[in-house]
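Engineer: Below: one structure in structure tokens.
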Amino acid sequence: MTAVDHRPASAAEVVEAVGGAERIVPRGGGTKPALWSVDGADVLDVSALGGITEYLPSEYTVTALAGTLLAEVEARLAAEGQYLPFDPLLVAAGSTVGGAVAAGANGPGRLRYGGLRDFLLAVTFVDGRGEIVRGGAKVVKNAAGFDLPKLMVGSLGRLGVLTECTFKVFPHPESCATLRVAGMALDEAIEAAGRVGAGAVEIECLDLVHGLAGWDLEIRIGGRSFALDARLKRAADLLDTDVITLSGDADASLWRTRREFGWASPDASVLKLPLTPATAGALEQVLAGLDASHVARAYSAGIQQAFVAWPAERVADLPALDRALTGAKLTALALRAPANAANQPILGYRTGGELLCRVEQALDPAGRFGRL
Amino acid sequence: MATADAADFLDALTRRLGPDRVLTGAAPMAAYESDALTAFRARPRAVVLVDSAEEVVDVVRLCAAANVPFLARGSGTSLSGGSLPVHDGVVIAMNRLNRILEVDPVRRTAVVEPGVVNLAVSDAAAPYGLYYSPDPSSQSVCTIGGNLAFNSGGAHCLKYGMTSNHVLGLEVVLPDGEVIEIGGDSLEGVGPDLVGLFVGSEGLFGIATRITLRLLPKPETYFTLLAAYDSLAAAGEAVAAVVASGLLPGAMEIMDNLAIEAAEAAVGAGYPLDAEGLLIVELEGEKQQVAAESALLLEVVRRSKPYLEHIASDPDDRMRIWKGRKSAFSAVGRLSPDYIVQDGVVPRSRLGEALTKIQRLGEEHGIRVANVFHAGDGNLHPLILFDGRVEGELERAEELAGEILRLCIDLGGSITGEHGVGMEKRQYLGEMFGEADLDAMRRIRLAIDPAELANRGKMFPDAEAPALLSHGPHPLEAAGVISRE
């Protein structure tokens, strides 16, 4: 593991560290090594920049320093019956606020109201010139100036070192329960997912997980307790097959485990791929072409993303996967991958390179954070 | 540009588009000289009517080669002057690019050209039980391209967000004519959110020519509640109570007495004319859920002691309630010959304080202010009423508008929730953000558009083109470049 070279305790110290380094990459909780372990770059650990700086439940806003553990934020929100609707990943593993924003990844719950990009209201970051920059505003609606908060979502630490973030939060549904159909064929599961999705029932999460006997379809419904049973029945009727209902702790722990990638081997590289129900088949073909149809994987958030656990023993095939994804016009982010598992955290098809280049030039002319 | 070069440039445009689609001269261009910020107009060098994305690319390339500023214009409904022509620049009129290229019910996406009218997207999606969520008051005329440039909002943004939250992918012509693709079909992405950066960039990063929008399933049912209060503060407290209850309504709107009077006179929505504060709360979603939520909502709202409540009895009744609200901006035209629609945001819990102060500021300036606001997200729309024919009233109204924006900044809010900075609020951007913040934005702008051709002079508090709301005539006005109606 790369040693930590800097551990600033203030934005001013971040400025100092960035200014003094030739190549530097920020690190939060260290849960996504492929994003911060870059050959020849200093590691800037922001975990000392911790703490919730402002939480106003009546405003639906929470502000925290970038090194704050998401677990801490979620606990504070839960005490007021609120939550982060984008459903952050790797919370129990120790992910931080800054790491979540920089990775730009969301859990299954993003299906209901939107992803991190839709809930990030304001950011403060130190750019590649060592300037402290603020973007957005700490109110739930704002259209002033360029949307720098959105630019930082998924920036992978290459456009600036986040020091503080403000999120919009929502009230948590009063209660939730999950319907599960086990052992489906993928086509059948996608078709069933579409049928439920097109129905009137509003869904919190809809995931397909590759299990022992085919695909398990899991659908989470949340809302007022009084109406929950009727709504579950309505959704179950659309599935028209044997359904198991999980409620209470069974429901909560299922989704908690899911966002920790409990189904993936700990040494596998977990890749995130944006897609749609119409392009899931393309990913399946890529995997089959690489003789990898057996790898653990899940289609998540209404089949808007896939998580693939690429086995450790096949790390040498990542370049081949990269090429195959490019051919299939699919993109992947090495989300939880060992250091240097991939040369580049982004694999496969890329768009917007020319625009990104210009933005990188503006915020980090010397290329201190490296180029994506 | 030398006269000969200028003639060459117009020739090149005409060769590409034909003489009928290149407008020059005062009369044909008159309609394009102003937008919904009507106090100002400016004459462009030419207006071109484009029919295809390829034509947009070619026009932008011609402009880039000749160093001529340009801007794209949809229906010209910008309230911040975002589509005010750049003097001597080219206005690219996008209305003919109004094809809905695809509605995909499985992906729940629509691919549209930028000139498509906002409401037309929902109309096209309706057969599949889907709709496009952002609903600016001008949704029956404003275009998706304009919505995108200014990250437009609407009454129903509390739950599902503004335009930015509904744009998935874009084809963009950068200011130098290079064409790029960003984003895609999925709700998810990898790498910096360039679509997020582009939306709301006020035309400064170029022109979107193809837009992939996210569609939502149409709510199965609505529960729309109208509650009348004898004070504005009481209506505000009801909003706080709804928020505290854990309910998440699709919309929460408040109108004050003057706004009620105007809306009632315009469309006869059935609002109580004696109310000091009128609250509209709407729940939306599936039947069982809304039924359970509406019981709680009624309980919470009744505790706030409205003197009158009314539940929309059917879809027509609901439409009538919303028609009153959505017509409020134009309706105040009945109360006053001129008015400014202001747009600011304050933390929701400081709404009451903001309204009291706005009231006092209005009295100090001797100017009437009507208030309509998206209470759920703290987005104020003070309507500042004045008579432009009375010497000094416009200036006093603008001064008041400026003080309201400063109030929003002081309370920890924003100078715009959904109308954008445009021409109108440039000087306040520097009050909301620090120098380093603005500098970062400027650097991004210059990296993308070094010659500042795309919508030049907008958004940034530029030293060379001071903002319109300062005292006395605008420097461009003094120079005869722009003029007031």
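Ligands are numbered from 1 in the order shown, chains are lettered A, B, ... in the order of the structure tokens, and residues start at 1 in each chain.
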Give me the residues near range 211-222 of chain A as JSON, numbers by chain, where near means some atom within 6 Å (using only C-alpha atoms) and where sequence neighbours in that chain fewer than 6 positions away do not count.

Structural biologist: {"A": [173, 175, 176, 177, 178, 179, 180, 181, 182, 183, 184, 185, 203, 204, 205]}

Engineer: Store the residues picked out above, limited to N, CA and C atoms, as a compact mmCIF listing (two decimals), in the first residue's frame.

Structural biologist:
# COMPACT_ATOMS: atom_id res chain seq x y z
N PRO A 173 -38.23 7.11 4.15
CA PRO A 173 -39.56 6.48 4.18
C PRO A 173 -39.82 5.88 5.56
N SER A 175 -41.39 3.17 6.42
CA SER A 175 -40.94 1.77 6.47
C SER A 175 -40.71 1.23 5.07
N CYS A 176 -39.92 0.17 4.99
CA CYS A 176 -39.55 -0.42 3.70
C CYS A 176 -39.67 -1.93 3.78
N ALA A 177 -39.89 -2.55 2.64
CA ALA A 177 -39.85 -4.01 2.56
C ALA A 177 -39.41 -4.39 1.15
N THR A 178 -38.97 -5.63 1.01
CA THR A 178 -38.39 -6.06 -0.26
C THR A 178 -39.06 -7.34 -0.77
N LEU A 179 -39.34 -7.34 -2.05
CA LEU A 179 -39.84 -8.55 -2.70
C LEU A 179 -38.68 -9.22 -3.41
N ARG A 180 -38.59 -10.52 -3.28
CA ARG A 180 -37.51 -11.23 -3.97
C ARG A 180 -38.07 -12.40 -4.77
N VAL A 181 -37.59 -12.47 -6.02
CA VAL A 181 -37.88 -13.63 -6.85
C VAL A 181 -36.53 -14.28 -7.15
N ALA A 182 -36.38 -15.53 -6.79
CA ALA A 182 -35.06 -16.16 -6.93
C ALA A 182 -34.97 -17.00 -8.20
N GLY A 183 -33.74 -17.14 -8.69
CA GLY A 183 -33.43 -18.10 -9.75
C GLY A 183 -34.06 -17.84 -11.11
N MET A 184 -34.07 -16.61 -11.55
CA MET A 184 -34.64 -16.31 -12.86
C MET A 184 -33.55 -16.33 -13.93
N ALA A 185 -33.99 -16.50 -15.18
CA ALA A 185 -33.06 -16.28 -16.29
C ALA A 185 -32.93 -14.77 -16.46
N ILE A 203 -40.76 2.69 -6.67
CA ILE A 203 -39.79 1.72 -6.18
C ILE A 203 -38.54 2.42 -5.65
N GLU A 204 -38.07 1.95 -4.51
CA GLU A 204 -36.83 2.50 -3.94
C GLU A 204 -35.60 1.90 -4.61
N CYS A 205 -35.59 0.58 -4.72
CA CYS A 205 -34.44 -0.12 -5.30
C CYS A 205 -34.96 -1.25 -6.18

Engineer: Can you list, as a ChimeraX atom specification, every residue of range 190-433 of chain B that DSSP puts in strand (DSSP E)?

Structural biologist: /B:207-214,216-217,221-229,251-256,277-285,308-311,338-341,344-345,368-374,379-386

Engineer: Tell me which protein, DNA and RNA residues are within 6 Å of range 77-91 of chain B, counting only C-alpha atoms, leaving out same-chain ones fewer than 5 positions away, and put them as an MDAnalysis selection string.

Structural biologist: chainID B and resid 34:37 42:47 68:72 422:424

Engineer: Which residue is closest to Arg61 in chain B? Choose from B:Val179, B:Ile444, B:Ala39, B:Val372 and count only C-alpha atoms.

Structural biologist: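 Between B:Val179, B:Ile444, B:Ala39, B:Val372, the residue approaching Arg61 in chain B most closely is B:Val179.
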
Engineer: If we count only C-alpha atoms and set the cut-off at 7 Å, which residues sit around range 291-303 of chain B, ignoring sequence neighbours fewer than 4 positions away in its own chain? Please answer as a list in words.

Structural biologist: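 Near range 291-303 of chain B, the qualifying residues are Arg224, Phe226 and Ala227 of chain A; Phe223, Ala238, Ala241, Val242 and Lys287 of chain B.
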
Engineer: Got time to write the residues from that selection, N, CA, C and O atoms, as an mmCIF file, in the first residue's frame?

Structural biologist:
data_model
loop_
_atom_site.group_PDB
_atom_site.id
_atom_site.type_symbol
_atom_site.label_atom_id
_atom_site.label_comp_id
_atom_site.auth_asym_id
_atom_site.auth_seq_id
_atom_site.Cartn_x
_atom_site.Cartn_y
_atom_site.Cartn_z
ATOM 1 N N ARG A 224 -45.230 5.245 3.578
ATOM 2 C CA ARG A 224 -46.042 5.237 4.793
ATOM 3 C C ARG A 224 -46.380 3.781 5.153
ATOM 4 O O ARG A 224 -46.807 3.002 4.296
ATOM 5 N N PHE A 226 -48.759 2.492 6.746
ATOM 6 C CA PHE A 226 -50.170 2.173 6.569
ATOM 7 C C PHE A 226 -50.471 1.614 5.180
ATOM 8 O O PHE A 226 -51.329 0.746 5.023
ATOM 9 N N ALA A 227 -49.737 2.106 4.165
ATOM 10 C CA ALA A 227 -50.053 1.715 2.788
ATOM 11 C C ALA A 227 -49.130 0.630 2.250
ATOM 12 O O ALA A 227 -49.313 0.146 1.135
ATOM 13 N N PHE B 223 -52.965 14.854 -5.000
ATOM 14 C CA PHE B 223 -53.811 15.398 -3.939
ATOM 15 C C PHE B 223 -53.389 16.850 -3.792
ATOM 16 O O PHE B 223 -52.272 17.141 -3.365
ATOM 17 N N ALA B 238 -46.913 26.943 8.079
ATOM 18 C CA ALA B 238 -47.522 25.690 7.633
ATOM 19 C C ALA B 238 -46.513 24.892 6.793
ATOM 20 O O ALA B 238 -46.410 23.670 6.913
ATOM 21 N N ALA B 241 -44.093 23.216 8.997
ATOM 22 C CA ALA B 241 -44.705 22.069 9.665
ATOM 23 C C ALA B 241 -44.801 20.865 8.732
ATOM 24 O O ALA B 241 -44.585 19.727 9.146
ATOM 25 N N VAL B 242 -45.101 21.111 7.451
ATOM 26 C CA VAL B 242 -45.176 20.011 6.480
ATOM 27 C C VAL B 242 -43.794 19.366 6.342
ATOM 28 O O VAL B 242 -43.655 18.141 6.355
ATOM 29 N N LYS B 287 -51.694 5.650 -5.736
ATOM 30 C CA LYS B 287 -52.928 5.887 -4.975
ATOM 31 C C LYS B 287 -52.809 5.607 -3.475
ATOM 32 O O LYS B 287 -53.094 6.468 -2.657
#

Engineer: Within 8 Å of range 319-332 of chain A, counting only C-alpha atoms, which residues qualify if same-chain residues fewer than 5 places away don't, as a PyMOL selection string?

Structural biologist: (chain A and resi 271-275+282-283+286+290+342+346-350) or (chain B and resi 190)

Engineer: Which of these residues is nearest to Thr61 in chain A, using only C-alpha atoms: B:Arg426, B:Lys326, B:His381, B:Arg348?

Structural biologist: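 Ranking B:Arg426, B:Lys326, B:His381, B:Arg348 by distance to Thr61 in chain A, first place goes to B:Arg348.
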
Engineer: Which is closer to Val359 in chain A than all the others in B:Gly376, B:Pro192, B:Gly270, B:Gly277, using only C-alpha atoms?

Structural biologist: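 Among B:Gly376, B:Pro192, B:Gly270, B:Gly277, it is B:Pro192 that comes nearest to Val359 in chain A.
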
Engineer: Find the distance between CA of Leu279 in chain B and CA of Met252 in chain B and write it in Å to one decimal.

Structural biologist: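 CA of Met252 in chain B lies 7.1 Å from CA of Leu279 in chain B.
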
Engineer: In Å, how far is it from CA of Arg99 in chain B to CA of Cys142 in chain B?

Structural biologist: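 For CA of Arg99 in chain B relative to CA of Cys142 in chain B, the distance reads 14.6 Å.
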
Engineer: Which residue out of A:Ala71, A:Ala64, A:Leu89, A:Leu111 has the minimum interatomic distance to chain B when only C-alpha atoms are used?

Structural biologist: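 Closest residue, counting only C-alpha atoms: A:Leu111.
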
Engineer: Per residue of range 88-159 of chain B within 10 Å of range 198-221 of chain B, record the nearest atom pair and its distance in Å to one decimal, counting only C-alpha atoms, with rows in chain order and ascending residue number, as a Markdown table.

Structural biologist:
| residue | atom | partner | partner_atom | distance |
| --- | --- | --- | --- | --- |
| B:Ile92 | CA | B:Ile207 | CA | 9.7 |
| B:Met94 | CA | B:Thr209 | CA | 9.2 |
| B:Leu97 | CA | B:Thr209 | CA | 8.4 |
| B:Arg99 | CA | B:Arg210 | CA | 9.8 |
| B:Ile100 | CA | B:Ile211 | CA | 9.7 |
| B:Leu101 | CA | B:Arg210 | CA | 8.9 |
| B:Glu102 | CA | B:Thr212 | CA | 9.1 |
| B:Val103 | CA | B:Leu215 | CA | 9.0 |
| B:Asp104 | CA | B:Leu215 | CA | 9.1 |
| B:Pro105 | CA | B:Leu215 | CA | 8.6 |
| B:Arg107 | CA | B:Arg214 | CA | 8.5 |
| B:Arg108 | CA | B:Leu215 | CA | 5.1 |
| B:Thr109 | CA | B:Arg214 | CA | 4.7 |
| B:Ala110 | CA | B:Leu213 | CA | 5.1 |
| B:Val111 | CA | B:Thr212 | CA | 4.4 |
| B:Val112 | CA | B:Ile211 | CA | 5.3 |
| B:Glu113 | CA | B:Arg210 | CA | 4.9 |
| B:Pro114 | CA | B:Thr209 | CA | 5.9 |
| B:Gly115 | CA | B:Thr209 | CA | 8.9 |
| B:Val121 | CA | B:Leu215 | CA | 9.0 |
| B:Ser122 | CA | B:Leu215 | CA | 8.3 |
| B:Ala125 | CA | B:Leu215 | CA | 7.7 |
| B:Ala126 | CA | B:Lys218 | CA | 7.9 |
| B:Tyr128 | CA | B:Pro217 | CA | 8.4 |
| B:Gly129 | CA | B:Lys218 | CA | 5.5 |
| B:Leu130 | CA | B:Pro217 | CA | 4.3 |
| B:Tyr131 | CA | B:Leu215 | CA | 5.4 |
| B:Tyr132 | CA | B:Leu215 | CA | 5.1 |
| B:Ser133 | CA | B:Leu216 | CA | 6.8 |
| B:Ile144 | CA | B:Ile211 | CA | 8.4 |
| B:Gly145 | CA | B:Ala208 | CA | 6.9 |
| B:Gly146 | CA | B:Glu202 | CA | 8.4 |
| B:Asn147 | CA | B:Gly200 | CA | 8.2 |
| B:Leu148 | CA | B:Val199 | CA | 5.2 |
| B:Ala149 | CA | B:Glu202 | CA | 4.5 |
| B:Phe150 | CA | B:Gly200 | CA | 4.3 |
| B:Asn151 | CA | B:Gly200 | CA | 4.5 |
| B:Ser152 | CA | B:Gly200 | CA | 8.0 |

Engineer: Pick out each residue of range 372-442 of chain B that DSSP on the backbone tags as alpha helix (DSSP H); I need them as a PyMOL selection string.

Structural biologist: chain B and resi 393-410+426-432+435-442

Engineer: For the atom pair CA of Pro306 in chain B and CA of Ala228 in chain B, what is the interatomic distance in Å to one decimal place?

Structural biologist: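 Calculated distance between CA of Pro306 in chain B and CA of Ala228 in chain B is 5.4 Å.
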
Engineer: Could you pull the residues within 6 Å of Leu380 in chain B, counting only C-alpha atoms, minus those fewer than 2 positions along the same chain, as number ranges by chain?

Structural biologist: B: 343-345, 373

Engineer: Fewer than 5 positions away in the same chain doesn't count, so skip those; otherwise give me all residues within 8 Å of Leu225 in chain B, counting only C-alpha atoms, as a PyMOL selection string.

Structural biologist: chain B and resi 279-282+309-312

Engineer: Go through A:Glu72, A:Glu13, A:Glu191, A:Asp118 one by one, measure the shortest atom-to-atom distance of each to Asp147 in chain A using only C-alpha atoms, and give the residue with the smallest value.

Structural biologist: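 Once distances to Asp147 in chain A are computed over only C-alpha atoms, the minimum belongs to A:Asp118.
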
Engineer: Using only C-alpha atoms, which of A:Glu54, A:Asp5, A:Glu188, A:Glu174 sits nearest chain B?

Structural biologist: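 Of all the options, A:Glu174 lies closest to chain B.
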